[in-house]
Structure formats: structure tokens, C-alpha cells
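A.B. asks: Once you've had a glance at the structure underneath, I'll fire off some questions.
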Amino acid sequence: MSLKSKLHELKLKYQGKKMAPAFNAFHTFLFSPDETTHAGGTHVKSADDLKRTMNTVIMALMPVLIFSMFNAGYQHFSAINGFPADFSLMNDFLTWDNFWIGIIKVLPLVVVSYGVGLIVEFIFAVIKGHEVEEGYLVTGMLVPLIVPIDTPLWMLAVAVVFGVVIGKEVFGGTGMNILNPALTIRAFLFFAYPTWMSGDKVWVYGARERSEEILAGANVDAISGETILGYLAQNKGAEMTYSVSDMFFGFIPGSLGETSAFLILLGGLFLIFTKIASWRIMLSAVIGSLVMGLIFNQVVDFGWVGESSKFYGLMSFDFWKHLIVGGLAFGIVYMATDPVTGSQTNKGKWYYGFFIGFISVMIRVFNPAYPEGVFLAILLMNVFAPTIDHYVVRGNIKRRMNRLKNATIYPKDSDGKAEELKAETV
């Protein structure tokens, strides 16, 4: 008897028991279920299900994860030895030394994120008596990619428990939450442990440790890991040495998954091609961020804000560059498009995405203590998404009622008019 058959027998034997959901989760993770639809009926047949959808998103995230592991080492050694004068992708970036830093720093974050999050999911599944849902598969991958590399593992574990319980389970689990769980975790970390989520010592491996050594009296050089947004927030843009190419391809400090706009763009195109993510949300968010950035550029060009202003650095930053630095691109592609917490109507998606981009750049400029605003903007619009959909649907119903009221329906044409009205959708 095969292992699959033995597991299936155990599943039937312990069906209805308290720990059945946990066992079934392992069983279905290893093998396809033996149950099939009954013959004789009409069933919707499709290759899409929640697990395949989650796996598709994870596939889109894998290049970003692998790149972040190399970039973790590249930023570490560059901060110590200086950036190479003649950069070579193979000799300076895609090296074993760089990748090893990623293994020892990035993989533990992934393991803790998945381990703690799935334990919480299993506990709630056993308590509530329902099957373990696959919704955390993507959240578990997103969380390590939106935190600094030196985030303590215990701190991440506490945040994951908070985010899964408060951000999802209290609302009823996967599909019922109103806030993106990964962003709830990120928000908890920022407000509970702000010194670990901002500054110039958290984005490059070893910078915080080196700072503590210097405070203890050690005669060593400090390591600065300031991000581009951090430089701009302090009006130190002239001190930056990063080129547009560095920004676009991702050879810059930042949260693990946010640096490479190039790979994020490829991931976004892949999600659009597979029809997992909404292109309307992505496009409208890009438009919103460009509009807000252009407005700030015009404010500087008109002379309303001078170099002495604390807002000058970010306001004068080229409006289109906002998309290739910080977490704006990552948030737009992988988080704003969450089908559960985002807007559901086609027209609503345009409003929802536009305001995410618009508000993200606004928060960057007006809150120098937190120059990365995309995560807060998405959480804010998560709250307003149902309201947007409500007014979109309400407006559509009102227009249809007015058309029906003003329509002259003749007996011979009644069927045609009725079909025309039925064809109108939100």
C-alpha cells in the first residue's frame, strides 16, 4: 500500500476528530485528495483554486527573494569596503559571499514568518473545526520581503502572531479580512519598534552591530546604510552616489524585496498575464503617484518651497523616480492588488489604485520621520475599499433606474429593451 493510500485511510479513520484539520492540511499539501465530484451532475470545471492562485503569486515573488539574498551581501560588503569602481554583475554581485549573507540573514526571516504564521493558522483551524486555508502562503513570503534585514527573529514572530490574529482571524479567516495581513504585520513592527524600522542602521547587515561596537569604545569605522528616501528626507540628495540604473535594477539599500523595480515589474506583468492581479489597480496607482510627484515638482519650480524647507529634498525629487525607489512599486504590484482587501468593482479599482499612489507620495513628503508611505496608504484604502464599491454600485443602480424610467418600451420591443438593460453590469 502506498503512502498516499495509507494517509487517505488515516484521514477517513480520524474524520471529525479535533486534530483532523491539521492532519488534512499535511495530507493535501503532500498529495492530491482522492475525492472527486460525483457523476451525473453539472459542475464548474476549472484549474483555478486558492492553492494554485497562491502558488502563482509565490512564483512571481521568487526572483525578488533570490535577488534580495544577493543584494544583502552586496550592500554589506560595499558598506565596509566601498562600492566597486567598475561594477561587474558576475564578479561583484552574483558571488557566493554575497549569497551566503542572504542565506544566514534572509532565510531565517522566511522560516520564522512561515513557521509562526502557519502554527497560528493551524491552532485556529483546530479550534474552529475548519480546514486550514492557504491564504497565509503568500503572506508568509511577503512579510520577510518588507522588513529590514536585521529585524530580530523574536520581534518578527510577535508581529506575525499579531498580524494573523488581529488582521485576519478575528474577521473570520481568509477571505473575510478587511486589512492586508502582511501590511498589518509591517504596521505593528513600525509603531511598536520604530527604531528597528527606520534610520540608517537597519537596512544593511552589520550596521547596527558596528554602531553598538563604536558606542562601547571600539576603534572601528561606522557603517551607514541610509536609503535613498532617507537621504532625501534629510535634504542630503547631493550626497547620494546611486545612479538611475542602480535604482531601477535594485543595487541600493532598503527592505529586502523593495529594491529591484525591474524584477517587480516582471512579476507584475506575470501576475497580469496569469490574471491573478488587476492591471487597473496597478496602472491607476502608477498614475496617482506620478500626479502627486508632478504636483510637488511644480511647487518647487514655482518657488513656493525653497532649499531651506525640510520638504525640499523629496519635493524636488523627479516625479517619475518615486516609482523606482522605496517600496512603492512592490506595494502596488503585490499588495494593493490583494483580491480580498482591494476594491471589487472595475470602476472602483481605478479610484482605489489612484488614491494609493497619490497618498503614498504625499506621506513620503509630509512625514520625514516615515518617508516610506505606501504601506500606510494601502492600509488606509483597504478601509475605504468597501465604501468605494458601495457608491460605485449605488451610482450604477441609479443610472439604470433613470434609464428604465425614461425608456419607452413598446410591446414588440419589450424583450429587446429588457435584454439591453440586463446586459449592463457594474
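Each chain of the C-alpha cells is named A, B, ... in the order shown, its residues numbered from 1; ligands are numbered from 1 in display order.
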Check region 77-172 of chain A with DSSP on the backbone and list each residue it calls helix (DSSP H, G or I), as a PyMOL selection string.

C.D. replies: chain A and resi 77-81+89-93+96-128+136-145+153-167+169-171

A.B. asks: For Ile276 (chain A), which of A:Val340, A:Val374, A:Leu89, A:Leu65 is the closest residue, counting only C-alpha atoms?

C.D. replies: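 Of A:Val340, A:Val374, A:Leu89, A:Leu65, the one nearest Ile276 (chain A), counting only C-alpha atoms, is A:Val340.
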
A.B. asks: Do you know which residues are at most 8 Å from Leu137 (chain A) counting only C-alpha atoms, after dropping those on the same chain fewer than 5 positions away, and could you put them as an MDAnalysis selection string?

C.D. replies: chainID A and resid 54:55 58 114

A.B. asks: Now that the selection is made, can you save its residues with N, CA, C and O atoms as a PDB file, in the first residue's frame?

C.D. replies:
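Dumped everything to out-v6.pdb:
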ATOM      1  N   MET A  54      -2.331  31.115  -4.928  1.00  0.00           N
ATOM      2  CA  MET A  54      -1.260  31.494  -4.014  1.00  0.00           C
ATOM      3  C   MET A  54       0.107  31.088  -4.570  1.00  0.00           C
ATOM      4  O   MET A  54       1.079  31.844  -4.479  1.00  0.00           O
ATOM      5  N   ASN A  55       0.180  29.894  -5.137  1.00  0.00           N
ATOM      6  CA  ASN A  55       1.454  29.429  -5.690  1.00  0.00           C
ATOM      7  C   ASN A  55       1.914  30.298  -6.864  1.00  0.00           C
ATOM      8  O   ASN A  55       3.116  30.512  -7.055  1.00  0.00           O
ATOM      9  N   ILE A  58       3.507  33.336  -5.393  1.00  0.00           N
ATOM     10  CA  ILE A  58       4.816  32.988  -4.840  1.00  0.00           C
ATOM     11  C   ILE A  58       5.843  32.849  -5.967  1.00  0.00           C
ATOM     12  O   ILE A  58       6.998  33.277  -5.833  1.00  0.00           O
ATOM     13  N   TYR A 114       6.920  31.888   8.067  1.00  0.00           N
ATOM     14  CA  TYR A 114       6.060  30.756   7.737  1.00  0.00           C
ATOM     15  C   TYR A 114       5.758  29.897   8.962  1.00  0.00           C
ATOM     16  O   TYR A 114       4.623  29.481   9.184  1.00  0.00           O
TER      17      TYR A 114
END

A.B. asks: Taking only C-alpha atoms into account, name the residue in A:Asn402, A:Ser360, A:Asn177, A:Ser245 that is nearest to Asn382 (chain A).

C.D. replies: A:Asn177

A.B. asks: As a ChimeraX atom specification, please: the residues near region 158-169 of chain A (cut-off 12 Å, only C-alpha atoms, same-chain neighbours under 5 positions excluded).

C.D. replies: /A:109-125,127-128,132-133,135-136,139-144,147,151-153,174-193,340-341,379,382
